[in-house]
Amino acid sequence: MTEIKYDLHSHSHYSDGELSPTQLVLRAKEHGVNTLALTDHDTVAGLAEAQLAATEQDINLITGIELSCEWSKKPFHILGLNIDPNNAELLAGTQRLQVIRLERAKKIAAKLEKNKIPGAWEAVQASAGTGMITRPHFANFLLENNHVSSIQNAFDRYLGQGKPAFVSTQWVELENAIQWIQAAGGVAVVAHPMRYRLTASWMRRFLAAFKEYGGEGIEVITARSNPDEVRRVIQFAKQFELYGSMGSDFHTPKNQWVELGRLAPLPENIRPVWELFD
Ligand SMILES: [Zn+2]
Ligand SMILES: [Zn+2]
């Protein structure tokens, strides 16, 4: 029996990843992954192509998504795993999120124009291509046109909170995100729990709400987590009786620290989230 190697968190160029779904699947194959979830931000657009490539490569594709949402005015990412990508409620939700993103991007471009920096809208649309427009696209535009000295400088001078081109965004609520995932028959999983920098008591309040709304899993193993972080997430998973997931959050081959399938094993005392997939 071949060993099953999971990677349940990855991105293609349909969101902010660099590779096409086909290239992503081929790379997963090269790295020995045989169960891969494509989890683009707020879109299912890459799943059909990923499925074709996965069938060809004999990889088990888990249909996924990573939804942006808020709880107590704090931003969170919730993975939906094993979703039906054609579910009407989920699709309506992703459309809402895409409208929010587009409106935000237009407002950022308008604010830059007021600050005598024209042309941002056309430039970021072109550079985003098939993917979504994100703030790093604006940062790149500012850098390439010599308005700033670095990407960080773009955020410090224009794009960051309180700066001239900052636009505060109202995402959707945690409850809605979980609801859409469940409507599509999927499992809701907290992505990269340690990246939110919550205190333990905030994390417990968040996980209590997550669980109450129907959330079932938490990412225990990520590409960047250290043993101490894994230990803390295991404790949260046990306390809230959550299933454990593992995923690299792969975006680009250029990041040498993150590779498809390069993950520690899921600890044995944690119930794997794939027990919930049928
Ligand atoms: Zn994320
Ligand atoms: Zn991600």
# chains A, B, ... in the order shown; residues from 1 in each chain; ligands from 1
>>> residues_near_ligand(ligand="ligand 1", cutoff="10 Å", atoms="only C-alpha atoms and all ligand atoms", output="ChimeraX atom specification")
/A:9-11,39-41,66-68,76-79,190-193,195-196,249
>>> write_last_selection(atoms="C-alpha atoms", output="compact mmCIF listing (two decimals), in the first residue's frame")
# COMPACT_ATOMS: atom_id res chain seq x y z
CA HIS A 9 -4.13 24.03 1.53
CA SER A 10 -2.79 25.49 -1.72
CA HIS A 11 -3.35 28.38 -4.16
CA THR A 39 -8.14 26.30 -1.74
CA ASP A 40 -8.07 29.58 -3.65
CA HIS A 41 -9.19 32.74 -1.83
CA GLU A 66 -10.40 29.74 1.55
CA LEU A 67 -12.97 32.32 2.63
CA SER A 68 -12.06 35.74 4.04
CA PHE A 76 -9.90 35.31 9.71
CA HIS A 77 -9.43 32.76 6.94
CA ILE A 78 -11.70 29.73 6.92
CA LEU A 79 -11.02 26.77 4.65
CA VAL A 190 -9.65 27.35 10.70
CA ALA A 191 -6.66 28.17 8.47
CA HIS A 192 -3.22 28.91 10.00
CA PRO A 193 -4.57 29.59 13.55
CA ARG A 195 -1.10 33.75 12.22
CA TYR A 196 -3.86 35.84 13.83
CA ASP A 249 -0.52 27.19 1.99
>>> residues_around(residues="Ser127 in chain A", least_positions_apart="5", cutoff="9 Å", atoms="only C-alpha atoms", output="mmCIF file with N, CA and C atoms, in the first residue's frame")
data_model
loop_
_atom_site.group_PDB
_atom_site.id
_atom_site.type_symbol
_atom_site.label_atom_id
_atom_site.label_comp_id
_atom_site.auth_asym_id
_atom_site.auth_seq_id
_atom_site.Cartn_x
_atom_site.Cartn_y
_atom_site.Cartn_z
ATOM 1 N N GLU A 122 -5.748 50.478 -14.222
ATOM 2 C CA GLU A 122 -5.415 49.735 -15.439
ATOM 3 C C GLU A 122 -4.243 48.791 -15.167
ATOM 4 N N ILE A 133 -7.433 41.016 -7.635
ATOM 5 C CA ILE A 133 -6.566 42.164 -7.365
ATOM 6 C C ILE A 133 -6.377 42.287 -5.856
ATOM 7 N N HIS A 137 -0.578 43.877 -5.408
ATOM 8 C CA HIS A 137 -0.565 44.344 -6.794
ATOM 9 C C HIS A 137 -0.365 45.861 -6.848
ATOM 10 N N PHE A 141 2.820 48.011 -8.340
ATOM 11 C CA PHE A 141 2.617 49.128 -9.266
ATOM 12 C C PHE A 141 3.368 50.377 -8.776
#
>>> closest_residue(among="A:Ala92, A:Val172, A:Val273, A:Leu8", to="ligand 2", atoms="only C-alpha atoms and all ligand atoms")
A:Leu8
>>> select_by_dssp(residues="range 35-214 of chain A", states="strand (DSSP E)", output="PDB file with N, CA and C atoms, in the first residue's frame")
ATOM      1  N   THR A  35      -3.008  13.349  -2.123  1.00  0.00           N
ATOM      2  CA  THR A  35      -4.310  13.955  -1.835  1.00  0.00           C
ATOM      3  C   THR A  35      -4.086  15.454  -1.659  1.00  0.00           C
ATOM      4  N   LEU A  36      -4.594  16.223  -2.618  1.00  0.00           N
ATOM      5  CA  LEU A  36      -4.323  17.663  -2.672  1.00  0.00           C
ATOM      6  C   LEU A  36      -5.620  18.448  -2.636  1.00  0.00           C
ATOM      7  N   ALA A  37      -5.683  19.484  -1.788  1.00  0.00           N
ATOM      8  CA  ALA A  37      -6.818  20.407  -1.839  1.00  0.00           C
ATOM      9  C   ALA A  37      -6.363  21.722  -2.460  1.00  0.00           C
ATOM     10  N   LEU A  38      -7.087  22.164  -3.493  1.00  0.00           N
ATOM     11  CA  LEU A  38      -6.892  23.515  -4.036  1.00  0.00           C
ATOM     12  C   LEU A  38      -7.859  24.421  -3.285  1.00  0.00           C
ATOM     13  N   ASN A  60      -5.820  12.385  -5.788  1.00  0.00           N
ATOM     14  CA  ASN A  60      -7.146  12.613  -5.230  1.00  0.00           C
ATOM     15  C   ASN A  60      -7.285  14.110  -4.935  1.00  0.00           C
ATOM     16  N   LEU A  61      -8.118  14.807  -5.736  1.00  0.00           N
ATOM     17  CA  LEU A  61      -8.304  16.240  -5.518  1.00  0.00           C
ATOM     18  C   LEU A  61      -9.441  16.463  -4.535  1.00  0.00           C
ATOM     19  N   ILE A  62      -9.141  17.224  -3.478  1.00  0.00           N
ATOM     20  CA  ILE A  62     -10.181  17.654  -2.549  1.00  0.00           C
ATOM     21  C   ILE A  62     -10.587  19.065  -2.978  1.00  0.00           C
ATOM     22  N   THR A  63     -11.857  19.226  -3.331  1.00  0.00           N
ATOM     23  CA  THR A  63     -12.317  20.531  -3.783  1.00  0.00           C
ATOM     24  C   THR A  63     -12.391  21.468  -2.583  1.00  0.00           C
ATOM     25  N   GLY A  64     -11.733  22.631  -2.698  1.00  0.00           N
ATOM     26  CA  GLY A  64     -11.676  23.519  -1.542  1.00  0.00           C
ATOM     27  C   GLY A  64     -11.772  24.988  -1.884  1.00  0.00           C
ATOM     28  N   ILE A  65     -11.800  25.794  -0.841  1.00  0.00           N
ATOM     29  CA  ILE A  65     -11.850  27.255  -0.960  1.00  0.00           C
ATOM     30  C   ILE A  65     -11.316  27.829   0.350  1.00  0.00           C
ATOM     31  N   GLU A  66     -10.801  29.052   0.316  1.00  0.00           N
ATOM     32  CA  GLU A  66     -10.400  29.735   1.554  1.00  0.00           C
ATOM     33  C   GLU A  66     -11.166  31.056   1.612  1.00  0.00           C
ATOM     34  N   LEU A  67     -12.094  31.150   2.548  1.00  0.00           N
ATOM     35  CA  LEU A  67     -12.969  32.321   2.627  1.00  0.00           C
ATOM     36  C   LEU A  67     -12.409  33.364   3.594  1.00  0.00           C
ATOM     37  N   SER A  68     -12.461  34.626   3.173  1.00  0.00           N
ATOM     38  CA  SER A  68     -12.064  35.741   4.043  1.00  0.00           C
ATOM     39  C   SER A  68     -13.285  36.167   4.841  1.00  0.00           C
ATOM     40  N   CYS A  69     -13.136  36.297   6.146  1.00  0.00           N
ATOM     41  CA  CYS A  69     -14.288  36.727   6.937  1.00  0.00           C
ATOM     42  C   CYS A  69     -13.817  37.449   8.192  1.00  0.00           C
ATOM     43  N   GLU A  70     -14.792  37.891   8.976  1.00  0.00           N
ATOM     44  CA  GLU A  70     -14.503  38.638  10.198  1.00  0.00           C
ATOM     45  C   GLU A  70     -15.255  38.039  11.368  1.00  0.00           C
ATOM     46  N   TRP A  71     -14.643  38.160  12.503  1.00  0.00           N
ATOM     47  CA  TRP A  71     -15.347  37.846  13.745  1.00  0.00           C
ATOM     48  C   TRP A  71     -14.837  38.836  14.786  1.00  0.00           C
ATOM     49  N   LYS A  74     -12.228  41.205  13.698  1.00  0.00           N
ATOM     50  CA  LYS A  74     -10.887  40.728  13.386  1.00  0.00           C
ATOM     51  C   LYS A  74     -10.967  39.833  12.144  1.00  0.00           C
ATOM     52  N   PRO A  75      -9.945  39.915  11.261  1.00  0.00           N
ATOM     53  CA  PRO A  75      -9.980  39.104  10.042  1.00  0.00           C
ATOM     54  C   PRO A  75      -9.536  37.659  10.276  1.00  0.00           C
ATOM     55  N   PHE A  76     -10.235  36.737   9.644  1.00  0.00           N
ATOM     56  CA  PHE A  76      -9.896  35.306   9.710  1.00  0.00           C
ATOM     57  C   PHE A  76     -10.009  34.682   8.323  1.00  0.00           C
ATOM     58  N   HIS A  77      -9.297  33.558   8.152  1.00  0.00           N
ATOM     59  CA  HIS A  77      -9.426  32.761   6.936  1.00  0.00           C
ATOM     60  C   HIS A  77      -9.997  31.399   7.309  1.00  0.00           C
ATOM     61  N   ILE A  78     -11.080  31.023   6.654  1.00  0.00           N
ATOM     62  CA  ILE A  78     -11.703  29.733   6.922  1.00  0.00           C
ATOM     63  C   ILE A  78     -11.654  28.885   5.655  1.00  0.00           C
ATOM     64  N   LEU A  79     -11.062  27.696   5.779  1.00  0.00           N
ATOM     65  CA  LEU A  79     -11.024  26.774   4.646  1.00  0.00           C
ATOM     66  C   LEU A  79     -12.326  25.994   4.583  1.00  0.00           C
ATOM     67  N   GLY A  80     -12.814  25.810   3.372  1.00  0.00           N
ATOM     68  CA  GLY A  80     -13.920  24.892   3.148  1.00  0.00           C
ATOM     69  C   GLY A  80     -13.361  23.707   2.376  1.00  0.00           C
ATOM     70  N   LEU A  81     -13.389  22.519   2.969  1.00  0.00           N
ATOM     71  CA  LEU A  81     -12.807  21.346   2.305  1.00  0.00           C
ATOM     72  C   LEU A  81     -13.901  20.382   1.891  1.00  0.00           C
ATOM     73  N   VAL A 172     -17.227  39.482   5.087  1.00  0.00           N
ATOM     74  CA  VAL A 172     -18.450  38.834   5.569  1.00  0.00           C
ATOM     75  C   VAL A 172     -18.188  38.284   6.970  1.00  0.00           C
ATOM     76  N   GLU A 173     -19.242  37.953   7.661  1.00  0.00           N
ATOM     77  CA  GLU A 173     -19.107  37.446   9.013  1.00  0.00           C
ATOM     78  C   GLU A 173     -18.721  35.963   9.008  1.00  0.00           C
ATOM     79  N   VAL A 187     -16.478  20.831   4.874  1.00  0.00           N
ATOM     80  CA  VAL A 187     -16.036  20.894   6.264  1.00  0.00           C
ATOM     81  C   VAL A 187     -15.321  22.231   6.461  1.00  0.00           C
ATOM     82  N   ALA A 188     -15.741  23.011   7.474  1.00  0.00           N
ATOM     83  CA  ALA A 188     -15.103  24.310   7.748  1.00  0.00           C
ATOM     84  C   ALA A 188     -13.914  24.114   8.682  1.00  0.00           C
ATOM     85  N   VAL A 189     -12.763  24.669   8.273  1.00  0.00           N
ATOM     86  CA  VAL A 189     -11.503  24.475   8.997  1.00  0.00           C
ATOM     87  C   VAL A 189     -10.830  25.835   9.209  1.00  0.00           C
ATOM     88  N   VAL A 190     -10.387  26.113  10.426  1.00  0.00           N
ATOM     89  CA  VAL A 190      -9.647  27.355  10.697  1.00  0.00           C
ATOM     90  C   VAL A 190      -8.270  27.248  10.046  1.00  0.00           C
TER      91      VAL A 190
END
>>> select_by_dssp(residues="range 65-125 of chain A", states="helix (DSSP H, G or I)", output="JSON list (two decimals) with N, CA and C atoms, in the first residue's frame")
[["chain", "number", "residue", "atom", "x", "y", "z"],
["A", 88, "ALA", "N", -25.26, 26.61, -5.10],
["A", 88, "ALA", "CA", -25.71, 27.98, -5.39],
["A", 88, "ALA", "C", -25.43, 28.94, -4.23],
["A", 89, "GLU", "N", -25.62, 28.47, -3.01],
["A", 89, "GLU", "CA", -25.41, 29.36, -1.86],
["A", 89, "GLU", "C", -23.93, 29.77, -1.73],
["A", 90, "LEU", "N", -23.05, 28.79, -1.91],
["A", 90, "LEU", "CA", -21.62, 29.08, -1.86],
["A", 90, "LEU", "C", -21.22, 30.04, -2.99],
["A", 91, "LEU", "N", -21.73, 29.78, -4.17],
["A", 91, "LEU", "CA", -21.38, 30.63, -5.32],
["A", 91, "LEU", "C", -21.87, 32.06, -5.12],
["A", 92, "ALA", "N", -23.08, 32.21, -4.55],
["A", 92, "ALA", "CA", -23.58, 33.56, -4.28],
["A", 92, "ALA", "C", -22.68, 34.25, -3.25],
["A", 93, "GLY", "N", -22.21, 33.49, -2.27],
["A", 93, "GLY", "CA", -21.30, 34.04, -1.26],
["A", 93, "GLY", "C", -19.99, 34.50, -1.87],
["A", 94, "THR", "N", -19.41, 33.67, -2.74],
["A", 94, "THR", "CA", -18.12, 34.05, -3.34],
["A", 94, "THR", "C", -18.30, 35.27, -4.25],
["A", 95, "GLN", "N", -19.46, 35.37, -4.88],
["A", 95, "GLN", "CA", -19.71, 36.55, -5.72],
["A", 95, "GLN", "C", -19.73, 37.81, -4.86],
["A", 96, "ARG", "N", -20.36, 37.68, -3.68],
["A", 96, "ARG", "CA", -20.41, 38.82, -2.77],
["A", 96, "ARG", "C", -18.98, 39.24, -2.37],
["A", 97, "LEU", "N", -18.14, 38.24, -2.07],
["A", 97, "LEU", "CA", -16.77, 38.55, -1.69],
["A", 97, "LEU", "C", -15.98, 39.19, -2.83],
["A", 98, "GLN", "N", -16.25, 38.72, -4.05],
["A", 98, "GLN", "CA", -15.52, 39.29, -5.18],
["A", 98, "GLN", "C", -15.93, 40.73, -5.43],
["A", 99, "VAL", "N", -17.21, 41.02, -5.23],
["A", 99, "VAL", "CA", -17.68, 42.40, -5.37],
["A", 99, "VAL", "C", -16.99, 43.28, -4.34],
["A", 100, "ILE", "N", -16.90, 42.78, -3.09],
["A", 100, "ILE", "CA", -16.24, 43.54, -2.03],
["A", 100, "ILE", "C", -14.79, 43.84, -2.42],
["A", 101, "ARG", "N", -14.08, 42.81, -2.92],
["A", 101, "ARG", "CA", -12.68, 42.99, -3.32],
["A", 101, "ARG", "C", -12.54, 44.01, -4.45],
["A", 102, "LEU", "N", -13.44, 43.90, -5.44],
["A", 102, "LEU", "CA", -13.36, 44.79, -6.59],
["A", 102, "LEU", "C", -13.63, 46.23, -6.18],
["A", 103, "GLU", "N", -14.63, 46.41, -5.34],
["A", 103, "GLU", "CA", -14.95, 47.77, -4.86],
["A", 103, "GLU", "C", -13.77, 48.35, -4.10],
["A", 104, "ARG", "N", -13.16, 47.52, -3.26],
["A", 104, "ARG", "CA", -12.02, 48.00, -2.50],
["A", 104, "ARG", "C", -10.89, 48.43, -3.44],
["A", 105, "ALA", "N", -10.62, 47.58, -4.45],
["A", 105, "ALA", "CA", -9.53, 47.89, -5.38],
["A", 105, "ALA", "C", -9.81, 49.20, -6.12],
["A", 106, "LYS", "N", -11.07, 49.40, -6.53],
["A", 106, "LYS", "CA", -11.41, 50.64, -7.24],
["A", 106, "LYS", "C", -11.21, 51.85, -6.33],
["A", 107, "LYS", "N", -11.60, 51.70, -5.06],
["A", 107, "LYS", "CA", -11.44, 52.82, -4.12],
["A", 107, "LYS", "C", -9.97, 53.14, -3.87],
["A", 108, "ILE", "N", -9.14, 52.09, -3.78],
["A", 108, "ILE", "CA", -7.70, 52.32, -3.59],
["A", 108, "ILE", "C", -7.15, 53.10, -4.79],
["A", 109, "ALA", "N", -7.53, 52.65, -6.00],
["A", 109, "ALA", "CA", -7.05, 53.32, -7.21],
["A", 109, "ALA", "C", -7.49, 54.78, -7.24],
["A", 110, "ALA", "N", -8.74, 55.03, -6.83],
["A", 110, "ALA", "CA", -9.26, 56.41, -6.83],
["A", 110, "ALA", "C", -8.49, 57.27, -5.83],
["A", 111, "LYS", "N", -8.18, 56.69, -4.68],
["A", 111, "LYS", "CA", -7.44, 57.45, -3.67],
["A", 111, "LYS", "C", -6.01, 57.77, -4.15],
["A", 112, "LEU", "N", -5.41, 56.80, -4.84],
["A", 112, "LEU", "CA", -4.06, 57.06, -5.37],
["A", 112, "LEU", "C", -4.12, 58.19, -6.39],
["A", 113, "GLU", "N", -5.18, 58.16, -7.21],
["A", 113, "GLU", "CA", -5.32, 59.20, -8.23],
["A", 113, "GLU", "C", -5.43, 60.58, -7.57],
["A", 114, "LYS", "N", -6.18, 60.65, -6.48],
["A", 114, "LYS", "CA", -6.29, 61.92, -5.73],
["A", 114, "LYS", "C", -4.93, 62.38, -5.22],
["A", 120, "ALA", "N", -3.29, 53.48, -11.78],
["A", 120, "ALA", "CA", -3.17, 52.26, -10.96],
["A", 120, "ALA", "C", -4.21, 51.21, -11.37],
["A", 121, "TRP", "N", -5.41, 51.64, -11.63],
["A", 121, "TRP", "CA", -6.49, 50.70, -11.92],
["A", 121, "TRP", "C", -6.16, 49.83, -13.13],
["A", 122, "GLU", "N", -5.75, 50.48, -14.22],
["A", 122, "GLU", "CA", -5.41, 49.74, -15.44],
["A", 122, "GLU", "C", -4.24, 48.79, -15.17],
["A", 123, "ALA", "N", -3.26, 49.29, -14.44],
["A", 123, "ALA", "CA", -2.04, 48.50, -14.20],
["A", 123, "ALA", "C", -2.33, 47.26, -13.36],
["A", 124, "VAL", "N", -3.11, 47.41, -12.29],
["A", 124, "VAL", "CA", -3.34, 46.24, -11.42],
["A", 124, "VAL", "C", -4.26, 45.23, -12.10],
["A", 125, "GLN", "N", -5.18, 45.71, -12.91],
["A", 125, "GLN", "CA", -6.04, 44.78, -13.65],
["A", 125, "GLN", "C", -5.19, 43.91, -14.57]]
>>> residues_around(residues="Arg262 in chain A", least_positions_apart="2", cutoff="8 Å", atoms="only C-alpha atoms", output="NGL selection string")
:A and (31 or 223 or 248 or 258-260 or 264)
>>> write_last_selection(atoms="N, CA and C atoms", output="PDB file, in the first residue's frame")
ATOM      1  N   HIS A  31       6.201  16.101  -5.811  1.00  0.00           N
ATOM      2  CA  HIS A  31       6.575  16.088  -4.397  1.00  0.00           C
ATOM      3  C   HIS A  31       5.855  15.000  -3.611  1.00  0.00           C
ATOM      4  N   ALA A 223       3.118  24.766   6.942  1.00  0.00           N
ATOM      5  CA  ALA A 223       4.518  24.705   6.513  1.00  0.00           C
ATOM      6  C   ALA A 223       5.443  25.428   7.491  1.00  0.00           C
ATOM      7  N   SER A 248       0.141  23.191   3.323  1.00  0.00           N
ATOM      8  CA  SER A 248       1.335  24.040   3.192  1.00  0.00           C
ATOM      9  C   SER A 248       0.997  25.510   2.967  1.00  0.00           C
ATOM     10  N   VAL A 258       8.333  27.179   1.689  1.00  0.00           N
ATOM     11  CA  VAL A 258       7.036  26.499   1.619  1.00  0.00           C
ATOM     12  C   VAL A 258       6.981  25.653   0.367  1.00  0.00           C
ATOM     13  N   GLU A 259       6.777  24.349   0.523  1.00  0.00           N
ATOM     14  CA  GLU A 259       6.677  23.465  -0.631  1.00  0.00           C
ATOM     15  C   GLU A 259       5.474  22.543  -0.462  1.00  0.00           C
ATOM     16  N   LEU A 260       4.865  22.191  -1.569  1.00  0.00           N
ATOM     17  CA  LEU A 260       3.734  21.265  -1.528  1.00  0.00           C
ATOM     18  C   LEU A 260       4.140  19.960  -0.842  1.00  0.00           C
ATOM     19  N   ALA A 264       5.131  18.275   8.445  1.00  0.00           N
ATOM     20  CA  ALA A 264       5.288  17.274   9.511  1.00  0.00           C
ATOM     21  C   ALA A 264       4.032  16.389   9.512  1.00  0.00           C
TER      22      ALA A 264
END
>>> closest_residue(among="A:Trp257, A:Trp180, A:Phe277, A:Phe250", to="ligand 2", atoms="only C-alpha atoms and all ligand atoms")
A:Phe250
>>> residues_around(residues="Ala45 in chain A", least_positions_apart="6", cutoff="9 Å", atoms="only C-alpha atoms", output="list of chain:residue names")
A:Tyr14, A:Ser15, A:Pro85
>>> closest_residue(among="A:Arg271, A:Lys238, A:His251, A:Lys5", to="ligand 2", atoms="only C-alpha atoms and all ligand atoms")
A:His251
>>> atom_distance(atom1="CA of Ala237 in chain A", atom2="CA of Ile181 in chain A")
19.8 Å
>>> closest_residue(among="A:Tyr6, A:Ser12, A:Pro253, A:Met203", to="Met132 in chain A", atoms="only C-alpha atoms")
A:Ser12
